[in-house]
Amino acid sequence: MTMDLMSVCIILVYLGTVSAAAAHLVEKVNIGDPVMLSCTIHVMGKVDMDSSEVVWTTADQTVAKYANGIFTSYCGFKGRVNMPRKNIEMGNLSLFITYTVYNDYGEYECQYNRQYQQGVTLLINASIPKKLTVKAGHSIWIPCYTRRRTCTEDLSANDTISFNWTKGNQNVFCMVRGARDDGRVKRSVDQMRVSDDIDNGNLSLVFPKAYFSDCGIYRCSEQKGITTILKVTVHQEEIKVSLEESKAFLSLHLYTVDPVNVYFQRDNFSTPVLVCENYTCSQSWKYVESGHKVELDAVTRDDLGTYTMRDRSRDELLCTYIVTVAELHHQDKDILKDVLIIFLVVVLAGFGIFTSCVR
């Protein structure tokens, strides 16, 4: 009877040990968020740091190591992971990732003195919108992510990557084995680019300033069957000019590379006048191709009013600018205030003299 009870106890202990060792965790976070990959061991007192080794790995590389009292992070994780010494001393071997990137997605394994301790699956949530809307002139980016091998076999950075972005049937950005090869899209300033974080799987397309000519359906080659529609809305702006200056300057951004018509209307009762038509402007105005804008060198009171830009082919409103006179400077306001005070003093003094004479 005693032997049977001991056998049962041994079996229970054995099963408990296997269960603890085989436990697998799953962590899910939004891209960019911090995360802790848990791993603990049971110790009596403190861990001997001089004789202990903690290693975190993925399926294809070493992530971080704590050995001989020294912490080392490896390619793709440098500067983003940590295992505090005080935690390890207490048996907490957890790996902290301060900022997650899409490339962190995958299976992780924690080892202590070359013995498996814990497995963790890290899931990175990075949603791809079907439609994006932005005001003309504002920045926006279209997400695209992929998991790629960050390092080569010798643990050096892997810079050989190939992918492309298309707008409709047109290539707008292409990278072949790490070398950029732009498409034939016409975009000479504020050019679209891809994320600076390509090495970590972020292939997003970035527009520092959105143009109306950027509208369309975009597709990243690494996201099969997924598209994003980009829509740019009307740009509205009030511009104040100072007519006191000897030569007031006015610059109006078109936010498109396509042909436009520019109209001017002095007030709500006047008829709009065509100022620029298909890159050709009236004598006082000029079209600046390098910046995709129209400029007026010397602004007069006759130039105050509302300017509208319309796409020539679709007659679609793109931009509205309301040009008004700037308020007086503080110095001018102070001068005007002093003049009014002097005027009031003179009036009151005159009134006092008049009253005395009447009496």
# chains A, B, ... in the order shown; residues from 1 in each chain; ligands from 1
>>> residues_around(residues="Gly168 of chain A", least_positions_apart="5", cutoff="12 Å", atoms="only C-alpha atoms", output="PyMOL selection string")
chain A and resi 185+214-220+227-230
>>> write_last_selection(atoms="N, CA and C atoms", output="mmCIF file, in the first residue's frame")
data_model
loop_
_atom_site.group_PDB
_atom_site.id
_atom_site.type_symbol
_atom_site.label_atom_id
_atom_site.label_comp_id
_atom_site.auth_asym_id
_atom_site.auth_seq_id
_atom_site.Cartn_x
_atom_site.Cartn_y
_atom_site.Cartn_z
ATOM 1 N N VAL A 185 6.054 57.717 -62.307
ATOM 2 C CA VAL A 185 5.093 58.672 -61.766
ATOM 3 C C VAL A 185 5.710 60.069 -61.736
ATOM 4 N N ASP A 214 -2.311 62.200 -56.205
ATOM 5 C CA ASP A 214 -1.969 60.954 -55.516
ATOM 6 C C ASP A 214 -3.186 60.056 -55.304
ATOM 7 N N CYS A 215 -4.372 60.577 -55.543
ATOM 8 C CA CYS A 215 -5.594 59.779 -55.345
ATOM 9 C C CYS A 215 -5.549 58.526 -56.220
ATOM 10 N N GLY A 216 -6.017 57.418 -55.665
ATOM 11 C CA GLY A 216 -6.062 56.193 -56.447
ATOM 12 C C GLY A 216 -6.073 54.961 -55.569
ATOM 13 N N ILE A 217 -5.933 53.804 -56.213
ATOM 14 C CA ILE A 217 -5.941 52.515 -55.523
ATOM 15 C C ILE A 217 -4.503 51.989 -55.466
ATOM 16 N N TYR A 218 -3.996 51.772 -54.256
ATOM 17 C CA TYR A 218 -2.610 51.364 -54.055
ATOM 18 C C TYR A 218 -2.539 49.908 -53.606
ATOM 19 N N ARG A 219 -1.471 49.257 -54.063
ATOM 20 C CA ARG A 219 -1.269 47.847 -53.701
ATOM 21 C C ARG A 219 0.215 47.609 -53.433
ATOM 22 N N CYS A 220 0.502 46.942 -52.325
ATOM 23 C CA CYS A 220 1.865 46.552 -51.973
ATOM 24 C C CYS A 220 2.064 45.093 -52.373
ATOM 25 N N THR A 227 -5.802 45.964 -51.082
ATOM 26 C CA THR A 227 -5.615 47.295 -51.675
ATOM 27 C C THR A 227 -6.117 48.369 -50.711
ATOM 28 N N THR A 228 -5.609 49.580 -50.901
ATOM 29 C CA THR A 228 -6.042 50.729 -50.103
ATOM 30 C C THR A 228 -6.371 51.874 -51.044
ATOM 31 N N ILE A 229 -7.560 52.454 -50.878
ATOM 32 C CA ILE A 229 -7.969 53.602 -51.686
ATOM 33 C C ILE A 229 -7.586 54.876 -50.948
ATOM 34 N N LEU A 230 -6.830 55.729 -51.634
ATOM 35 C CA LEU A 230 -6.425 57.006 -51.045
ATOM 36 C C LEU A 230 -7.242 58.130 -51.671
#
>>> residues_around(residues="Glu27 of chain A", least_positions_apart="5", cutoff="8 Å", atoms="only C-alpha atoms", output="number ranges by chain")
A: 35, 37, 120-123
>>> write_last_selection(atoms="N, CA and C atoms", output="PDB file, in the first residue's frame")
ATOM      1  N   VAL A  35       6.201  44.973 -25.014  1.00  0.00           N
ATOM      2  CA  VAL A  35       5.678  43.667 -24.621  1.00  0.00           C
ATOM      3  C   VAL A  35       6.715  42.947 -23.760  1.00  0.00           C
ATOM      4  N   LEU A  37       7.910  39.080 -22.768  1.00  0.00           N
ATOM      5  CA  LEU A  37       7.827  37.644 -23.028  1.00  0.00           C
ATOM      6  C   LEU A  37       8.248  36.941 -21.745  1.00  0.00           C
ATOM      7  N   VAL A 120       7.133  31.083 -26.336  1.00  0.00           N
ATOM      8  CA  VAL A 120       6.161  32.177 -26.447  1.00  0.00           C
ATOM      9  C   VAL A 120       5.915  32.487 -27.918  1.00  0.00           C
ATOM     10  N   THR A 121       4.653  32.598 -28.273  1.00  0.00           N
ATOM     11  CA  THR A 121       4.284  33.057 -29.611  1.00  0.00           C
ATOM     12  C   THR A 121       3.909  34.526 -29.518  1.00  0.00           C
ATOM     13  N   LEU A 122       4.579  35.363 -30.299  1.00  0.00           N
ATOM     14  CA  LEU A 122       4.291  36.802 -30.309  1.00  0.00           C
ATOM     15  C   LEU A 122       3.540  37.153 -31.581  1.00  0.00           C
ATOM     16  N   LEU A 123       2.332  37.687 -31.411  1.00  0.00           N
ATOM     17  CA  LEU A 123       1.500  38.108 -32.541  1.00  0.00           C
ATOM     18  C   LEU A 123       1.478  39.631 -32.591  1.00  0.00           C
TER      19      LEU A 123
END
>>> closest_atom_pairs(of="segment 207-259 of chain A", to="segment 134-137 of chain A", cutoff="7 Å", atoms="only C-alpha atoms", output="CSV")
residue,atom,partner,partner_atom,distance
A:Lys209,CA,A:Gly137,CA,4.6
A:Ala210,CA,A:Gly137,CA,5.1
A:Tyr211,CA,A:Ala136,CA,5.7
A:Phe212,CA,A:Ala136,CA,6.6
A:Lys231,CA,A:Val134,CA,6.5
A:Val232,CA,A:Val134,CA,5.0
A:Thr233,CA,A:Lys135,CA,4.8
A:Val234,CA,A:Ala136,CA,6.3
A:His235,CA,A:Ala136,CA,5.3
A:Tyr255,CA,A:Ala136,CA,6.4
>>> write_last_selection(atoms="N, CA, C and O atoms", output="mmCIF file, in the first residue's frame")
data_model
loop_
_atom_site.group_PDB
_atom_site.id
_atom_site.type_symbol
_atom_site.label_atom_id
_atom_site.label_comp_id
_atom_site.auth_asym_id
_atom_site.auth_seq_id
_atom_site.Cartn_x
_atom_site.Cartn_y
_atom_site.Cartn_z
ATOM 1 N N LYS A 209 3.562 65.260 -48.218
ATOM 2 C CA LYS A 209 2.463 66.172 -48.528
ATOM 3 C C LYS A 209 1.584 65.508 -49.583
ATOM 4 O O LYS A 209 2.029 65.241 -50.692
ATOM 5 N N ALA A 210 0.342 65.236 -49.223
ATOM 6 C CA ALA A 210 -0.557 64.556 -50.147
ATOM 7 C C ALA A 210 -1.016 65.495 -51.258
ATOM 8 O O ALA A 210 -1.408 66.638 -50.999
ATOM 9 N N TYR A 211 -0.943 65.020 -52.493
ATOM 10 C CA TYR A 211 -1.420 65.747 -53.664
ATOM 11 C C TYR A 211 -2.737 65.131 -54.145
ATOM 12 O O TYR A 211 -3.004 63.958 -53.912
ATOM 13 N N PHE A 212 -3.530 65.941 -54.847
ATOM 14 C CA PHE A 212 -4.751 65.398 -55.449
ATOM 15 C C PHE A 212 -4.398 64.356 -56.506
ATOM 16 O O PHE A 212 -5.141 63.390 -56.710
ATOM 17 N N LYS A 231 -7.901 58.908 -50.792
ATOM 18 C CA LYS A 231 -8.701 60.047 -51.242
ATOM 19 C C LYS A 231 -8.169 61.313 -50.593
ATOM 20 O O LYS A 231 -7.909 61.346 -49.387
ATOM 21 N N VAL A 232 -8.004 62.366 -51.403
ATOM 22 C CA VAL A 232 -7.505 63.646 -50.909
ATOM 23 C C VAL A 232 -8.629 64.673 -50.976
ATOM 24 O O VAL A 232 -9.289 64.819 -52.016
ATOM 25 N N THR A 233 -8.872 65.381 -49.885
ATOM 26 C CA THR A 233 -9.987 66.329 -49.823
ATOM 27 C C THR A 233 -9.509 67.764 -50.081
ATOM 28 O O THR A 233 -8.317 68.060 -50.041
ATOM 29 N N VAL A 234 -10.473 68.655 -50.315
ATOM 30 C CA VAL A 234 -10.205 70.046 -50.707
ATOM 31 C C VAL A 234 -9.366 70.770 -49.660
ATOM 32 O O VAL A 234 -9.595 70.647 -48.453
ATOM 33 N N HIS A 235 -8.391 71.523 -50.149
ATOM 34 C CA HIS A 235 -7.548 72.328 -49.280
ATOM 35 C C HIS A 235 -8.136 73.729 -49.164
ATOM 36 O O HIS A 235 -8.386 74.394 -50.168
ATOM 37 N N TYR A 255 -1.112 71.655 -55.090
ATOM 38 C CA TYR A 255 -1.213 70.289 -54.574
ATOM 39 C C TYR A 255 -1.651 69.289 -55.632
ATOM 40 O O TYR A 255 -2.467 68.401 -55.388
#
>>> closest_residue(among="A:Gly225, A:Pro129, A:Gly32, A:Gly305", to="Pro272 of chain A", atoms="only C-alpha atoms")
A:Gly305
>>> select_by_dssp(residues="segment 4-243 of chain A", states="strand (DSSP E)", output="ChimeraX atom specification")
/A:24-30,35-37,53-57,62-67,70-73,81-82,95-97,106-112,115-125,131-135,140-142,163-167,170-176,179-180,193-194,205-207,216-220,227-233,235-241
>>> select_by_dssp(residues="segment 48-171 of chain A", states="helix (DSSP H, G or I)", output="number ranges by chain")
A: 85-89, 102-104
>>> write_last_selection(atoms="C-alpha atoms", output="PDB file, in the first residue's frame")
ATOM      1  CA  ARG A  85      20.070  41.704 -13.953  1.00  0.00           C
ATOM      2  CA  LYS A  86      18.053  42.100 -10.735  1.00  0.00           C
ATOM      3  CA  ASN A  87      15.190  40.144 -12.340  1.00  0.00           C
ATOM      4  CA  ILE A  88      17.431  37.285 -13.417  1.00  0.00           C
ATOM      5  CA  GLU A  89      18.895  37.031  -9.900  1.00  0.00           C
ATOM      6  CA  TYR A 102       6.289  43.694 -37.464  1.00  0.00           C
ATOM      7  CA  ASN A 103       9.406  41.582 -37.874  1.00  0.00           C
ATOM      8  CA  ASP A 104       9.113  40.545 -34.191  1.00  0.00           C
TER       9      ASP A 104
END
>>> closest_residue(among="A:Leu318, A:Leu250, A:Val325, A:Val47", to="Glu295 of chain A", atoms="only C-alpha atoms")
A:Leu250
>>> residues_around(residues="Ile198 of chain A", least_positions_apart="2", cutoff="12 Å", atoms="only C-alpha atoms", output="ChimeraX atom specification")
/A:76,101-103,143-150,157-163,175,178,193-196,200-205
>>> write_last_selection(atoms="N, CA, C and O atoms", output="compact mmCIF listing (two decimals), in the first residue's frame")
# COMPACT_ATOMS: atom_id res chain seq x y z
N GLY A 76 18.78 43.09 -35.41
CA GLY A 76 17.34 43.27 -35.50
C GLY A 76 16.66 43.61 -34.19
O GLY A 76 15.52 44.06 -34.17
N VAL A 101 8.17 45.78 -33.59
CA VAL A 101 8.07 45.99 -35.03
C VAL A 101 7.45 44.73 -35.63
O VAL A 101 7.38 43.68 -34.98
N TYR A 102 7.00 44.84 -36.88
CA TYR A 102 6.29 43.69 -37.46
C TYR A 102 7.19 42.46 -37.55
O TYR A 102 6.73 41.33 -37.44
N ASN A 103 8.47 42.69 -37.73
CA ASN A 103 9.41 41.58 -37.87
C ASN A 103 9.55 40.76 -36.59
O ASN A 103 10.11 39.67 -36.61
N PRO A 143 -0.08 51.73 -44.96
CA PRO A 143 0.67 50.65 -44.31
C PRO A 143 0.91 49.45 -45.22
O PRO A 143 0.07 49.09 -46.05
N CYS A 144 2.06 48.83 -45.04
CA CYS A 144 2.39 47.55 -45.64
C CYS A 144 3.46 46.90 -44.78
O CYS A 144 4.47 47.55 -44.45
N TYR A 145 3.25 45.65 -44.39
CA TYR A 145 4.20 44.97 -43.52
C TYR A 145 4.50 43.58 -44.06
O TYR A 145 3.66 42.95 -44.71
N THR A 146 5.70 43.11 -43.77
CA THR A 146 6.07 41.74 -44.13
C THR A 146 7.10 41.25 -43.13
O THR A 146 7.87 42.04 -42.57
N ARG A 147 7.11 39.95 -42.89
CA ARG A 147 8.13 39.39 -42.01
C ARG A 147 9.27 38.90 -42.88
O ARG A 147 9.08 38.10 -43.78
N ARG A 148 10.47 39.39 -42.59
CA ARG A 148 11.64 39.01 -43.38
C ARG A 148 12.80 38.67 -42.46
O ARG A 148 12.84 39.10 -41.30
N ARG A 149 13.71 37.91 -43.00
CA ARG A 149 14.91 37.55 -42.23
C ARG A 149 15.77 38.78 -42.06
O ARG A 149 16.29 39.34 -43.02
N THR A 150 15.94 39.23 -40.83
CA THR A 150 16.67 40.47 -40.54
C THR A 150 18.17 40.31 -40.74
O THR A 150 18.83 41.22 -41.21
N ALA A 157 23.55 42.50 -41.02
CA ALA A 157 22.24 42.96 -41.51
C ALA A 157 21.96 42.44 -42.91
O ALA A 157 22.84 42.43 -43.78
N ASN A 158 20.74 42.01 -43.12
CA ASN A 158 20.33 41.52 -44.43
C ASN A 158 19.66 42.65 -45.20
O ASN A 158 18.53 43.03 -44.92
N ASP A 159 20.38 43.22 -46.19
CA ASP A 159 19.85 44.38 -46.92
C ASP A 159 19.35 44.01 -48.31
O ASP A 159 19.15 44.88 -49.16
N THR A 160 19.15 42.74 -48.56
CA THR A 160 18.64 42.31 -49.87
C THR A 160 17.14 42.10 -49.77
O THR A 160 16.68 41.08 -49.28
N ILE A 161 16.40 43.08 -50.24
CA ILE A 161 14.94 42.99 -50.21
C ILE A 161 14.38 43.55 -51.51
O ILE A 161 14.90 44.51 -52.07
N SER A 162 13.33 42.90 -52.00
CA SER A 162 12.70 43.34 -53.25
C SER A 162 11.20 43.43 -53.05
O SER A 162 10.57 42.49 -52.54
N PHE A 163 10.62 44.55 -53.42
CA PHE A 163 9.17 44.73 -53.35
C PHE A 163 8.79 45.94 -54.20
O PHE A 163 9.66 46.70 -54.64
N MET A 175 11.73 48.52 -55.28
CA MET A 175 13.04 48.26 -54.70
C MET A 175 13.45 46.84 -55.09
O MET A 175 12.71 45.88 -54.86
N GLY A 178 17.45 45.76 -52.51
CA GLY A 178 17.92 46.86 -51.70
C GLY A 178 18.17 48.15 -52.45
O GLY A 178 18.45 49.18 -51.85
N ARG A 193 7.83 58.29 -50.57
CA ARG A 193 8.95 57.43 -50.21
C ARG A 193 8.42 56.28 -49.38
O ARG A 193 7.24 56.25 -49.02
N VAL A 194 9.28 55.34 -49.07
CA VAL A 194 8.86 54.25 -48.19
C VAL A 194 9.44 54.48 -46.80
O VAL A 194 10.33 55.32 -46.61
N SER A 195 8.95 53.75 -45.85
CA SER A 195 9.36 53.89 -44.46
C SER A 195 10.87 53.72 -44.30
O SER A 195 11.52 53.00 -45.07
N ASP A 196 11.41 54.39 -43.29
CA ASP A 196 12.83 54.24 -42.97
C ASP A 196 13.09 52.94 -42.20
O ASP A 196 14.24 52.64 -41.86
N ASN A 200 12.99 46.21 -40.60
CA ASN A 200 12.12 45.55 -39.61
C ASN A 200 10.76 45.18 -40.18
O ASN A 200 9.82 44.93 -39.43
N GLY A 201 10.66 45.16 -41.51
CA GLY A 201 9.43 44.67 -42.15
C GLY A 201 8.39 45.72 -42.42
O GLY A 201 7.28 45.40 -42.84
N ASN A 202 8.71 47.01 -42.20
CA ASN A 202 7.76 48.08 -42.47
C ASN A 202 8.01 48.64 -43.87
O ASN A 202 8.98 49.39 -44.08
N LEU A 203 7.15 48.31 -44.81
CA LEU A 203 7.31 48.75 -46.20
C LEU A 203 6.29 49.83 -46.57
O LEU A 203 6.01 50.05 -47.75
N SER A 204 5.76 50.52 -45.59
CA SER A 204 4.69 51.49 -45.80
C SER A 204 5.11 52.60 -46.76
O SER A 204 6.27 53.02 -46.77
N LEU A 205 4.15 53.08 -47.55
CA LEU A 205 4.38 54.16 -48.51
C LEU A 205 4.01 55.48 -47.84
O LEU A 205 2.91 55.65 -47.32
